[in-house]
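Shown next, in structure tokens, is the structure this report addresses.
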Amino acid sequence: MIRYCVNCDEERTLQVERRRQSLVVKGEHIEFEAPVLVCKECSEIVADPDYDDAVLRTAHDLYRARHGLLTSSEIVELRRRYGFSQRALSRLLGWGEVTIQRYEKGVIQDRAHDEVLRSLRDPRRVLELLDRGSGKLTPAERERFRARAQAILEQESSAWLVREAESVLRYCGPDLYNGFRNFGLDRFTGAVTWFATHVERLSKTKLAKLLWLADFKHFRDHGVSITGATYARLPFGPVPHRFELLLGLAVESGAVMLVEESFGDYVGNVVLSRKPVDQGVFDEKELAALEFVLKRFGQYSAKKLSELSHQEAAWLNSAQGEPISYDGTRRMRILDSPPNSPHHGRGHDKGE
């Protein structure tokens, strides 16, 4: 590439190099490396509109990232997700027709516009805007974009259901009722999958008790629970708060499935794993707690585990339906007493 070099005052051959850049964006110094055009003779940077725009966009995107704003590439990706042109998206939102174009070229959006753009990640928000009939889109454009958003919603319905449920289930903050850990659906689903993988004919009642024991065991040893679940006092012993919903979400995610089986005179659901546990979910101490519970209680029936839980002060001192505090873990005899029988191989639930 041959261009005029101001420093040499004549045409020179240029080459692309990565150079350290430092720009001030909204009063903040931003330093980074970026490709620039350099004169081969004098090694000075030669101005070029395309490269200069790229440098400025990089600086602005780094500023955006610092302040939790969508970057220009993220806005492009969001727009293309639904097949919007820059003008169509601006019209849908009721903004100036070149607003999106400016943001994608590097102009930093304000916080209010950023929140609007972020909301479009949810296809239901896009469908809502399209159904309002506001903006300047043609009927044909609306139908085309609506079909695309609807297809995305159908494809991602499970993921959005899980996100909504997790936000509902997230408590105000770590405390003695969640083991000083914010609830994590991925951790809860991982623990469910782990026990479903290692215990044969795992009933829902037994699963609830194993989860309780694992969370309380880890809390006693390390001062924090594994899943962040809250456990309520129910007639058959401790059960995770909103257990049916949580288990349904684990099924919805494809991690486990429920199969009806006979337990003597009763018919109940058995929890079966459908995919391997994500090895990155738990650390060594958490896995040790899960192994401890499996080894000690994996062969106990759901009925036996319920009976043992009824002997614990944590259960006895809680009102029916009320949450059980993790505070009493050091007094849990069930975690101290030796198992009634040695554990061999995989656990087997003998009753619902």
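Just remember, in the structure tokens the first chain shown is A, the second B, etc., residues are 1-based per chain, and ligands are 1-based in the order shown.
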
**Asked** Within 12 Å of A:His29, counting only C-alpha atoms, which residues qualify if same-chain residues fewer than 4 places away don't, as a list in words?
**Response**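 In the requested form, the answer reads Gln21, Ser22, Leu23, Val24, Val25, Ala59, His60, Leu62, Tyr63 and Arg66 of chain A.
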
Write the residues of the preceding selection, restricted to C-alpha atoms, as a PDB file, in the first residue's frame.
```
ATOM      1  CA  GLN A  21      -2.702   3.784  21.800  1.00  0.00           C
ATOM      2  CA  SER A  22      -3.878   6.134  24.537  1.00  0.00           C
ATOM      3  CA  LEU A  23      -7.089   8.118  24.181  1.00  0.00           C
ATOM      4  CA  VAL A  24      -9.271  10.099  26.566  1.00  0.00           C
ATOM      5  CA  VAL A  25     -12.928   9.046  26.440  1.00  0.00           C
ATOM      6  CA  ALA A  59     -11.440   2.948  22.685  1.00  0.00           C
ATOM      7  CA  HIS A  60     -15.165   3.587  22.982  1.00  0.00           C
ATOM      8  CA  LEU A  62     -13.358  -0.458  26.112  1.00  0.00           C
ATOM      9  CA  TYR A  63     -15.055   2.455  27.869  1.00  0.00           C
ATOM     10  CA  ARG A  66     -15.797  -0.643  31.868  1.00  0.00           C
TER      11      ARG A  66
END
```

**Request:** Assign secondary structure with DSSP using the backbone only, and return the residues of stretch 198-261 of chain A in strand (DSSP E or B) as JSON, numbers by chain.
**Result:** {"A": [199, 200, 202, 203, 231, 232, 233, 234, 237, 238, 239, 240, 256, 257, 258, 259, 260, 261]}

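Rounded to one decimal, atom CA of A:Leu153 and atom CA of A:Leu246 lie 21.7 Å from each other.
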
**Request:** Write out as JSON, numbers by chain all residues of stretch 40-194 of chain A that backbone DSSP assigns to alpha helix (DSSP H).
**Result:** {"A": [49, 50, 51, 52, 53, 54, 55, 56, 57, 58, 59, 60, 61, 62, 63, 64, 65, 66, 72, 73, 74, 75, 76, 77, 78, 79, 80, 81, 86, 87, 88, 89, 90, 91, 92, 93, 99, 100, 101, 102, 103, 104, 105, 111, 112, 113, 114, 115, 116, 117, 118, 119, 123, 124, 125, 126, 127, 128, 129, 130, 131, 132, 139, 140, 141, 142, 143, 144, 145, 146, 147, 148, 149, 150, 151, 152, 153, 154, 155, 156, 157, 158, 159, 160, 161, 162, 163, 164, 165, 166, 167, 168, 169, 185, 186, 187, 188, 189, 190, 191, 192, 193, 194]}

Using C-alpha atoms, can you export the residues from the last selection as a short mmCIF file (atom, residue, chain, number, x, y, z; two decimals), in the first residue's frame?
```
data_model
loop_
_atom_site.label_atom_id
_atom_site.label_comp_id
_atom_site.auth_asym_id
_atom_site.auth_seq_id
_atom_site.Cartn_x
_atom_site.Cartn_y
_atom_site.Cartn_z
CA PRO A 49 -10.01 7.18 7.96
CA ASP A 50 -10.76 3.46 8.25
CA TYR A 51 -7.96 2.70 10.70
CA ASP A 52 -8.64 5.86 12.68
CA ASP A 53 -12.33 4.95 13.02
CA ALA A 54 -11.38 1.45 14.17
CA VAL A 55 -9.04 2.87 16.84
CA LEU A 56 -11.73 5.23 18.09
CA ARG A 57 -14.35 2.46 18.11
CA THR A 58 -11.99 0.22 20.10
CA ALA A 59 -11.44 2.95 22.69
CA HIS A 60 -15.16 3.59 22.98
CA ASP A 61 -15.91 -0.13 23.32
CA LEU A 62 -13.36 -0.46 26.11
CA TYR A 63 -15.05 2.45 27.87
CA ARG A 64 -18.42 0.77 27.36
CA ALA A 65 -17.13 -2.49 28.81
CA ARG A 66 -15.80 -0.64 31.87
CA SER A 72 -20.76 -1.75 19.16
CA SER A 73 -20.26 -5.39 18.13
CA GLU A 74 -22.83 -6.54 20.70
CA ILE A 75 -25.35 -4.07 19.27
CA VAL A 76 -24.64 -5.37 15.77
CA GLU A 77 -25.10 -8.96 16.98
CA LEU A 78 -28.35 -8.06 18.74
CA ARG A 79 -29.73 -6.34 15.65
CA ARG A 80 -28.78 -9.18 13.30
CA ARG A 81 -30.33 -11.72 15.67
CA GLN A 86 -30.07 -0.28 11.34
CA ARG A 87 -32.91 1.93 10.17
CA ALA A 88 -35.62 -0.64 10.95
CA LEU A 89 -34.42 -1.11 14.53
CA SER A 90 -34.29 2.64 15.07
CA ARG A 91 -37.82 2.96 13.72
CA LEU A 92 -39.10 0.12 15.91
CA LEU A 93 -37.74 1.89 19.00
CA THR A 99 -29.20 6.37 15.97
CA ILE A 100 -28.32 2.66 15.68
CA GLN A 101 -25.86 3.39 12.89
CA ARG A 102 -24.06 5.89 15.14
CA TYR A 103 -23.91 3.44 18.05
CA GLU A 104 -22.49 0.71 15.84
CA LYS A 105 -19.83 3.08 14.52
CA ARG A 111 -27.68 4.34 30.06
CA ALA A 112 -31.38 4.62 29.18
CA HIS A 113 -30.86 3.59 25.55
CA ASP A 114 -28.54 0.79 26.68
CA GLU A 115 -31.24 -0.68 28.92
CA VAL A 116 -33.73 -0.58 26.05
CA LEU A 117 -31.29 -2.38 23.76
CA ARG A 118 -30.49 -5.00 26.40
CA SER A 119 -34.18 -5.74 26.84
CA PRO A 123 -37.66 -12.10 22.02
CA ARG A 124 -40.85 -11.49 23.99
CA ARG A 125 -39.87 -7.84 24.32
CA VAL A 126 -39.40 -7.60 20.55
CA LEU A 127 -42.80 -9.21 19.96
CA GLU A 128 -44.36 -6.74 22.39
CA LEU A 129 -42.92 -3.78 20.49
CA LEU A 130 -44.02 -5.22 17.15
CA ASP A 131 -47.55 -5.82 18.45
CA ARG A 132 -47.89 -2.25 19.67
CA PRO A 139 -46.92 -4.23 7.75
CA ALA A 140 -44.68 -6.55 5.70
CA GLU A 141 -41.66 -5.66 7.84
CA ARG A 142 -43.61 -6.25 11.02
CA GLU A 143 -44.70 -9.71 9.90
CA ARG A 144 -41.19 -10.67 8.84
CA PHE A 145 -39.64 -9.54 12.11
CA ARG A 146 -42.48 -11.07 14.13
CA ALA A 147 -41.94 -14.46 12.50
CA ARG A 148 -38.22 -14.29 13.29
CA ALA A 149 -38.76 -13.27 16.92
CA GLN A 150 -41.39 -15.98 17.38
CA ALA A 151 -39.04 -18.62 15.99
CA ILE A 152 -36.30 -17.50 18.40
CA LEU A 153 -38.75 -17.58 21.31
CA GLU A 154 -39.83 -21.13 20.49
CA GLN A 155 -36.22 -22.22 20.17
CA GLU A 156 -35.17 -20.62 23.46
CA SER A 157 -38.35 -20.99 25.50
CA SER A 158 -36.75 -23.36 28.01
CA ALA A 159 -33.79 -21.07 28.58
CA TRP A 160 -36.01 -18.02 29.20
CA LEU A 161 -38.21 -20.04 31.56
CA VAL A 162 -35.15 -21.06 33.57
CA ARG A 163 -33.83 -17.46 33.70
CA GLU A 164 -37.16 -16.11 34.91
CA ALA A 165 -37.54 -18.82 37.53
CA GLU A 166 -34.00 -18.30 38.80
CA SER A 167 -34.59 -14.57 39.22
CA VAL A 168 -37.78 -15.33 41.18
CA LEU A 169 -35.98 -17.89 43.35
CA LEU A 185 -29.99 -23.11 39.70
CA ASP A 186 -26.96 -24.55 37.91
CA ARG A 187 -25.58 -25.84 41.22
CA PHE A 188 -28.94 -27.22 42.31
CA THR A 189 -29.45 -28.97 38.96
CA GLY A 190 -25.87 -30.27 39.14
CA ALA A 191 -26.48 -31.79 42.60
CA VAL A 192 -29.74 -33.36 41.42
CA THR A 193 -27.97 -34.83 38.40
CA TRP A 194 -25.07 -36.06 40.54
#
```
